[in-house]
Amino acid sequence: GVLFEITSGGTFVPEHYFSGGADGGLPQRIYLDENGTIFGATSVGGSCSGSGLPAAGCGIIYSFVPYSATFTPLYTFSGMSDGYQPLLAGIDAAGVLYGATTLGGTDSYGTLFKLTPNKSGGYTFKHLYDFTGGSDGAYPSTPALVGTSEMVGGTEEGPITESSDGAGVLYQFKGGTLTPLY
């Protein structure tokens with residue numbers, strides 16, 4: 001994939017080519033903060049630290065500052081309790097990034113997470129929720145950040161039973177609690 005700019009004159013300008021290595025690969029939706037910094041996630045790239053995980057890597061969260069062309073990996077997923085194949089939900093006014101992983105976590109059905117800017121200039125990862133495959137669903141797709149620290153989204157499957165993978169669940173995550181909506 002490539003991170004690019006289209007100038008006002010319609011010229012395509014590549015800004016960063018994803019290598020599939022430490023800088024990730026298969027970029028997903030991007031978000032801009034108030035300073036014009038771009039934040040995004042990649043489905044693969046980085047590294048994985050467990051057996052049975054993708055050889056292509058577990059995905060990363062990154063930032064890109066256009067005016068200095070500075071690309072920075074902010075978090076590399078291990079594929080363990082933090083999950084893998086991340087998707088960003090958005091960025092709040094305090095610069096906190098929220099998102100989901102499609103796979104991994106305690107039950108391997110995906111997770112919710114946040115990355116908070118810290119005083120050293122980096123980001124601190126916090127695991128927020130593990131999907132169970134029950135009434136909360138399984139394999140979340142891209143959630144949306146609504147207000148401060150509230151996410152709404154859907155899952156690709158669930159509730160999973162012996163006879164069905166389910167058609168998916170719409171959910172709300174607020175105040176540390178996930179509530180199935182439909």
# chains A, B, ... in the order shown; residues from 1 in each chain; ligands from 1

call {"tool": "residues_around", "arguments": {"residues": "segment 53-64 of chain A", "least_positions_apart": "6", "cutoff": "9 Å", "atoms": "only C-alpha atoms", "output": "VMD selection string"}}
result
chain A and resid 16 20 to 26 37 to 47 70 to 79 83 to 88

call {"tool": "select_by_dssp", "arguments": {"residues": "chain A", "states": "strand (DSSP E or B)", "output": "ChimeraX atom specification"}}
result
/A:2-6,12-17,25-32,38-44,60-65,70-76,84-91,97-104,109,111-117,123-130,138-140,144-146,150-157,170-174,177-180

call {"tool": "closest_residue", "arguments": {"among": "A:Pro180, A:Gly95, A:Gly50, A:Pro66", "to": "Gly121 of chain A", "atoms": "only C-alpha atoms"}}
result
A:Gly95

call {"tool": "atom_distance", "arguments": {"atom1": "atom CA of Ile6 of chain A", "atom2": "atom CA of Asn35 of chain A"}}
result
18.6 Å

call {"tool": "atom_distance", "arguments": {"atom1": "atom CA of Pro117 of chain A", "atom2": "atom CA of Val146 of chain A"}}
result
19.3 Å

call {"tool": "closest_residue", "arguments": {"among": "A:Gly110, A:Gly147, A:Gly1, A:Gly158", "to": "Ala94 of chain A", "atoms": "only C-alpha atoms"}}
result
A:Gly147

call {"tool": "residues_around", "arguments": {"residues": "Leu178 of chain A", "least_positions_apart": "6", "cutoff": "9 Å", "atoms": "only C-alpha atoms", "output": "list in words"}}
result
Tyr129, Asp136, Tyr171 and Gln172 of chain A

call {"tool": "write_last_selection", "arguments": {"atoms": "N, CA and C atoms", "output": "tab-separated table (two decimals), in the first residue's frame"}}
result
chain	number	residue	atom	x	y	z
A	129	TYR	N	-11.17	-4.71	26.02
A	129	TYR	CA	-12.23	-5.73	25.99
A	129	TYR	C	-11.82	-6.89	25.11
A	136	ASP	N	-21.98	-10.99	22.65
A	136	ASP	CA	-21.20	-9.82	22.23
A	136	ASP	C	-20.65	-9.94	20.80
A	171	TYR	N	-22.91	-3.40	18.64
A	171	TYR	CA	-22.60	-3.19	20.05
A	171	TYR	C	-22.22	-1.74	20.33
A	172	GLN	N	-22.26	-1.42	21.62
A	172	GLN	CA	-21.79	-0.13	22.14
A	172	GLN	C	-20.80	-0.45	23.25

call {"tool": "atom_distance", "arguments": {"atom1": "atom CA of Asp82 of chain A", "atom2": "atom CA of Ile30 of chain A"}}
result
20.5 Å

call {"tool": "residues_around", "arguments": {"residues": "Ser135 of chain A", "least_positions_apart": "2", "cutoff": "12 Å", "atoms": "only C-alpha atoms", "output": "list of chain:residue names"}}
result
A:Phe131, A:Thr132, A:Gly133, A:Gly137, A:Ala138, A:Gly154, A:Thr155, A:Glu157, A:Gly158, A:Pro159, A:Ile160, A:Thr161, A:Asp165, A:Gly166, A:Ala167, A:Gly168, A:Val169, A:Leu170, A:Tyr171, A:Leu178, A:Thr179, A:Pro180, A:Leu181, A:Tyr182

call {"tool": "residues_around", "arguments": {"residues": "Gly175 of chain A", "least_positions_apart": "5", "cutoff": "10 Å", "atoms": "only C-alpha atoms", "output": "PyMOL selection string"}}
result
chain A and resi 148-151

call {"tool": "write_last_selection", "arguments": {"atoms": "N, CA, C and O atoms", "output": "mmCIF file, in the first residue's frame"}}
result
data_model
loop_
_atom_site.group_PDB
_atom_site.id
_atom_site.type_symbol
_atom_site.label_atom_id
_atom_site.label_comp_id
_atom_site.auth_asym_id
_atom_site.auth_seq_id
_atom_site.Cartn_x
_atom_site.Cartn_y
_atom_site.Cartn_z
ATOM 1 N N THR A 148 -16.418 10.904 23.659
ATOM 2 C CA THR A 148 -15.164 10.590 24.330
ATOM 3 C C THR A 148 -15.207 9.170 24.860
ATOM 4 O O THR A 148 -16.058 8.843 25.675
ATOM 5 N N SER A 149 -14.332 8.339 24.387
ATOM 6 C CA SER A 149 -14.113 6.953 24.821
ATOM 7 C C SER A 149 -15.289 6.003 24.596
ATOM 8 O O SER A 149 -15.319 4.919 25.139
ATOM 9 N N GLU A 150 -16.241 6.373 23.780
ATOM 10 C CA GLU A 150 -17.345 5.476 23.457
ATOM 11 C C GLU A 150 -17.198 5.001 22.021
ATOM 12 O O GLU A 150 -16.988 5.795 21.112
ATOM 13 N N MET A 151 -17.294 3.683 21.835
ATOM 14 C CA MET A 151 -17.232 3.107 20.496
ATOM 15 C C MET A 151 -18.529 2.375 20.205
ATOM 16 O O MET A 151 -19.130 1.769 21.099
#

call {"tool": "residues_around", "arguments": {"residues": "Val2 of chain A", "least_positions_apart": "5", "cutoff": "10 Å", "atoms": "only C-alpha atoms", "output": "list in words"}}
result
Val13, Pro14, Glu15, His16, Tyr17, Phe18, Ser19, Gly25, Leu26 and Pro27 of chain A

call {"tool": "closest_residue", "arguments": {"among": "A:Ser163, A:Pro140, A:Asp130, A:Leu145", "to": "Thr177 of chain A", "atoms": "only C-alpha atoms"}}
result
A:Asp130

call {"tool": "closest_residue", "arguments": {"among": "A:Thr142, A:Asp92, A:Leu97, A:Thr124", "to": "Glu156 of chain A", "atoms": "only C-alpha atoms"}}
result
A:Thr142
